[in-house]
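One structure is given below, encoded as structure tokens.
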Amino acid sequence: GMAPSSAFGTVWFTWWLGNAAGNVVIAPLIVLWAAKPRPGWTPRQQLEILALAVALLTVAAMVFVKSSYPIEFLTIPLCVWAGARFGPREASTATALLSGVAVWAAVRWAGPFADQSPNTALLLTQMFIVVAQIAGLGIGAAVAEMTAAHEMLRDLNDDLEERVAAGTAELQLSEAR
């Protein structure tokens with residue numbers, strides 16, 4: 001009863017997109033943390049994660065709580081930083097933190113989308129969160145794939161070196177005979 005029946009289609013579409021955006025943010029977060037629940041961060045990486053989290057929450061608060069200027073894009077490089085330095089799990093976590101601040105601000109009519117109608121503000125917030133997630137996860141997935149390829153090449157190189165050493169030893173033994 002909060003919306004007129006003439007707005008049913010628009011409200012339904014917003015609700016549906018909200019569910020889709022929630023799936024885009026929450027599903028990767030759950031799957032990636034379940035796949036590797038304990039991060040193996042070095043002390044230096046822990047410090048960087050802390051700096052990233054503080055920077056992300058500070059910029060998100062500045063953009064979504066304190067400002068009415070359209071500067072929400074300033075948070076996306078922080079999601080990309082998480083993906084580039086740590087991988088998709090941390091990028092997804094960064095986006096989840098960002099979306100928490102953005103949604104909290106949106107329901108309090110604060111931030112860069114506050115001057116829009118409630119439905120439009122919610123749609124813009126949802127789509128912004130999806131774009132931030134795609135940017136961070138895309139970079140994170142590329143970094144994870146590159147890391148896996150480097151590890152595979154290292155393993156293949158080690159195997160090749162072992163084969164060459166074994167072949168050299170056989171050749172030396174054959175020459176000695």
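Ordering of the structure tokens sets the chain letters (A, B, ...), residue numbers begin anew at 1 in every chain, and ligands are numbered from 1 in the order given.
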ask   = So which residues touch range 107-119 of chain A within 7 Å, counting only C-alpha atoms, skipping near sequence neighbours fewer than 6 positions away, as a PyMOL selection string?
value = chain A and resi 14+63-70+72
Give the alpha helix (DSSP H) residues of range 17-91 of chain A, as DSSP finds them on the backbone, and put them as a PyMOL selection string. chain A and resi 17-35+43-61+76-86+88-91
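Here CA of Trp81 in chain A is placed at a distance of 8.0 Å from CA of Leu52 in chain A.
Every protein, DNA or RNA residue with an atom at most 12 Å from Phe13 in chain A, where only C-alpha atoms count and chain neighbours fewer than 3 positions away do not, is listed here: A:Ala7, A:Phe8, A:Gly9, A:Thr10, A:Trp16, A:Leu17, A:Gly18, A:Asn19, A:Ala20, A:Ala21, A:Asn119, A:Thr120, A:Leu122, A:Leu123, A:Gln126.
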For this session: Identify which of the residues A:Val31, A:Ala121, A:Ala91, A:Ala53 lies closest to Gly136 in chain A, counting only C-alpha atoms when measuring atom-to-atom distances.
Result: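 The closest residue to Gly136 in chain A is A:Ala91.
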Could you pull the residues within 12 Å of Val131 in chain A, counting only C-alpha atoms, minus those fewer than 4 positions along the same chain, as a PDB file with N, CA, C and O atoms, in the first residue's frame?
```
ATOM      1  N   ALA A  21      20.992  -7.387  -8.054  1.00  0.00           N
ATOM      2  CA  ALA A  21      22.205  -6.717  -7.565  1.00  0.00           C
ATOM      3  C   ALA A  21      22.696  -7.377  -6.280  1.00  0.00           C
ATOM      4  O   ALA A  21      23.902  -7.558  -6.083  1.00  0.00           O
ATOM      5  N   VAL A  24      24.503 -10.449  -7.232  1.00  0.00           N
ATOM      6  CA  VAL A  24      25.813 -10.150  -7.820  1.00  0.00           C
ATOM      7  C   VAL A  24      26.839  -9.812  -6.740  1.00  0.00           C
ATOM      8  O   VAL A  24      28.020 -10.105  -6.887  1.00  0.00           O
ATOM      9  N   VAL A  25      26.398  -9.240  -5.638  1.00  0.00           N
ATOM     10  CA  VAL A  25      27.319  -8.863  -4.558  1.00  0.00           C
ATOM     11  C   VAL A  25      27.491  -9.993  -3.550  1.00  0.00           C
ATOM     12  O   VAL A  25      28.614 -10.338  -3.175  1.00  0.00           O
ATOM     13  N   GLU A  72      30.539   9.351  -6.919  1.00  0.00           N
ATOM     14  CA  GLU A  72      30.560   7.962  -6.464  1.00  0.00           C
ATOM     15  C   GLU A  72      31.603   7.123  -7.186  1.00  0.00           C
ATOM     16  O   GLU A  72      32.094   6.143  -6.643  1.00  0.00           O
ATOM     17  N   PHE A  73      31.989   7.522  -8.390  1.00  0.00           N
ATOM     18  CA  PHE A  73      32.997   6.786  -9.147  1.00  0.00           C
ATOM     19  C   PHE A  73      34.348   6.751  -8.429  1.00  0.00           C
ATOM     20  O   PHE A  73      35.197   5.925  -8.739  1.00  0.00           O
ATOM     21  N   THR A  75      35.021   5.642  -5.663  1.00  0.00           N
ATOM     22  CA  THR A  75      35.164   4.413  -4.880  1.00  0.00           C
ATOM     23  C   THR A  75      35.571   3.219  -5.741  1.00  0.00           C
ATOM     24  O   THR A  75      36.109   2.246  -5.228  1.00  0.00           O
ATOM     25  N   ILE A  76      35.335   3.276  -7.025  1.00  0.00           N
ATOM     26  CA  ILE A  76      35.625   2.130  -7.892  1.00  0.00           C
ATOM     27  C   ILE A  76      37.118   1.794  -7.933  1.00  0.00           C
ATOM     28  O   ILE A  76      37.477   0.617  -7.878  1.00  0.00           O
ATOM     29  N   PRO A  77      38.041   2.770  -8.001  1.00  0.00           N
ATOM     30  CA  PRO A  77      39.460   2.394  -7.971  1.00  0.00           C
ATOM     31  C   PRO A  77      39.854   1.608  -6.705  1.00  0.00           C
ATOM     32  O   PRO A  77      40.759   0.776  -6.749  1.00  0.00           O
ATOM     33  N   CYS A  79      37.919  -0.624  -5.215  1.00  0.00           N
ATOM     34  CA  CYS A  79      37.499  -2.006  -5.492  1.00  0.00           C
ATOM     35  C   CYS A  79      38.476  -2.674  -6.463  1.00  0.00           C
ATOM     36  O   CYS A  79      38.803  -3.850  -6.317  1.00  0.00           O
ATOM     37  N   VAL A  80      38.949  -1.896  -7.422  1.00  0.00           N
ATOM     38  CA  VAL A  80      39.941  -2.423  -8.370  1.00  0.00           C
ATOM     39  C   VAL A  80      41.258  -2.699  -7.655  1.00  0.00           C
ATOM     40  O   VAL A  80      41.924  -3.711  -7.921  1.00  0.00           O
ATOM     41  N   SER A  92      35.513  -8.737  -3.866  1.00  0.00           N
ATOM     42  CA  SER A  92      34.104  -8.935  -3.523  1.00  0.00           C
ATOM     43  C   SER A  92      33.807  -8.419  -2.120  1.00  0.00           C
ATOM     44  O   SER A  92      32.752  -7.821  -1.876  1.00  0.00           O
ATOM     45  N   THR A  95      33.624  -4.622  -2.268  1.00  0.00           N
ATOM     46  CA  THR A  95      32.358  -4.169  -2.832  1.00  0.00           C
ATOM     47  C   THR A  95      31.212  -4.358  -1.843  1.00  0.00           C
ATOM     48  O   THR A  95      30.304  -3.533  -1.780  1.00  0.00           O
ATOM     49  N   LEU A  98      31.436  -1.481   0.505  1.00  0.00           N
ATOM     50  CA  LEU A  98      30.983  -0.293  -0.213  1.00  0.00           C
ATOM     51  C   LEU A  98      29.466  -0.296  -0.366  1.00  0.00           C
ATOM     52  O   LEU A  98      28.804   0.720  -0.137  1.00  0.00           O
ATOM     53  N   SER A  99      28.900  -1.432  -0.727  1.00  0.00           N
ATOM     54  CA  SER A  99      27.456  -1.491  -0.916  1.00  0.00           C
ATOM     55  C   SER A  99      26.718  -1.299   0.403  1.00  0.00           C
ATOM     56  O   SER A  99      25.633  -0.701   0.419  1.00  0.00           O
ATOM     57  N   LEU A 124      19.690   3.702  -9.159  1.00  0.00           N
ATOM     58  CA  LEU A 124      21.053   4.196  -9.392  1.00  0.00           C
ATOM     59  C   LEU A 124      22.041   3.604  -8.389  1.00  0.00           C
ATOM     60  O   LEU A 124      23.168   3.239  -8.754  1.00  0.00           O
ATOM     61  N   THR A 125      21.632   3.487  -7.141  1.00  0.00           N
ATOM     62  CA  THR A 125      22.505   2.887  -6.128  1.00  0.00           C
ATOM     63  C   THR A 125      22.788   1.427  -6.462  1.00  0.00           C
ATOM     64  O   THR A 125      23.938   0.969  -6.409  1.00  0.00           O
ATOM     65  N   GLN A 126      21.746   0.705  -6.842  1.00  0.00           N
ATOM     66  CA  GLN A 126      21.917  -0.707  -7.183  1.00  0.00           C
ATOM     67  C   GLN A 126      22.842  -0.887  -8.386  1.00  0.00           C
ATOM     68  O   GLN A 126      23.743  -1.743  -8.370  1.00  0.00           O
ATOM     69  N   MET A 127      22.639  -0.097  -9.417  1.00  0.00           N
ATOM     70  CA  MET A 127      23.457  -0.241 -10.613  1.00  0.00           C
ATOM     71  C   MET A 127      24.900   0.187 -10.354  1.00  0.00           C
ATOM     72  O   MET A 127      25.832  -0.401 -10.888  1.00  0.00           O
ATOM     73  N   ALA A 135      33.789  -4.374 -11.836  1.00  0.00           N
ATOM     74  CA  ALA A 135      35.143  -3.841 -12.013  1.00  0.00           C
ATOM     75  C   ALA A 135      36.129  -4.557 -11.096  1.00  0.00           C
ATOM     76  O   ALA A 135      37.183  -5.026 -11.548  1.00  0.00           O
ATOM     77  N   GLY A 136      35.810  -4.661  -9.817  1.00  0.00           N
ATOM     78  CA  GLY A 136      36.716  -5.310  -8.874  1.00  0.00           C
ATOM     79  C   GLY A 136      36.879  -6.787  -9.146  1.00  0.00           C
ATOM     80  O   GLY A 136      37.995  -7.318  -9.157  1.00  0.00           O
ATOM     81  N   LEU A 137      35.753  -7.493  -9.376  1.00  0.00           N
ATOM     82  CA  LEU A 137      35.831  -8.933  -9.645  1.00  0.00           C
ATOM     83  C   LEU A 137      36.539  -9.225 -10.959  1.00  0.00           C
ATOM     84  O   LEU A 137      37.265 -10.218 -11.064  1.00  0.00           O
ATOM     85  N   GLY A 138      36.313  -8.388 -11.968  1.00  0.00           N
ATOM     86  CA  GLY A 138      36.975  -8.604 -13.255  1.00  0.00           C
ATOM     87  C   GLY A 138      38.491  -8.533 -13.126  1.00  0.00           C
ATOM     88  O   GLY A 138      39.209  -9.408 -13.603  1.00  0.00           O
TER      89      GLY A 138
END
```
**Request:** Quick one: everything within 8 Å of Leu78 in chain A, counting only C-alpha atoms, minus sequence neighbours fewer than 4 positions away in the same chain. Send it as a count of residues only.
**Result:** 6
Pairwise distance, CA of Gln172 in chain A with CA of Leu160 in chain A, equals 18.1 Å
* How many Å lie between CA of Gln133 in chain A and CA of Ala96 in chain A, rounded to one decimal? ->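 Straight-line distance from CA of Gln133 in chain A to CA of Ala96 in chain A works out to 8.3 Å.
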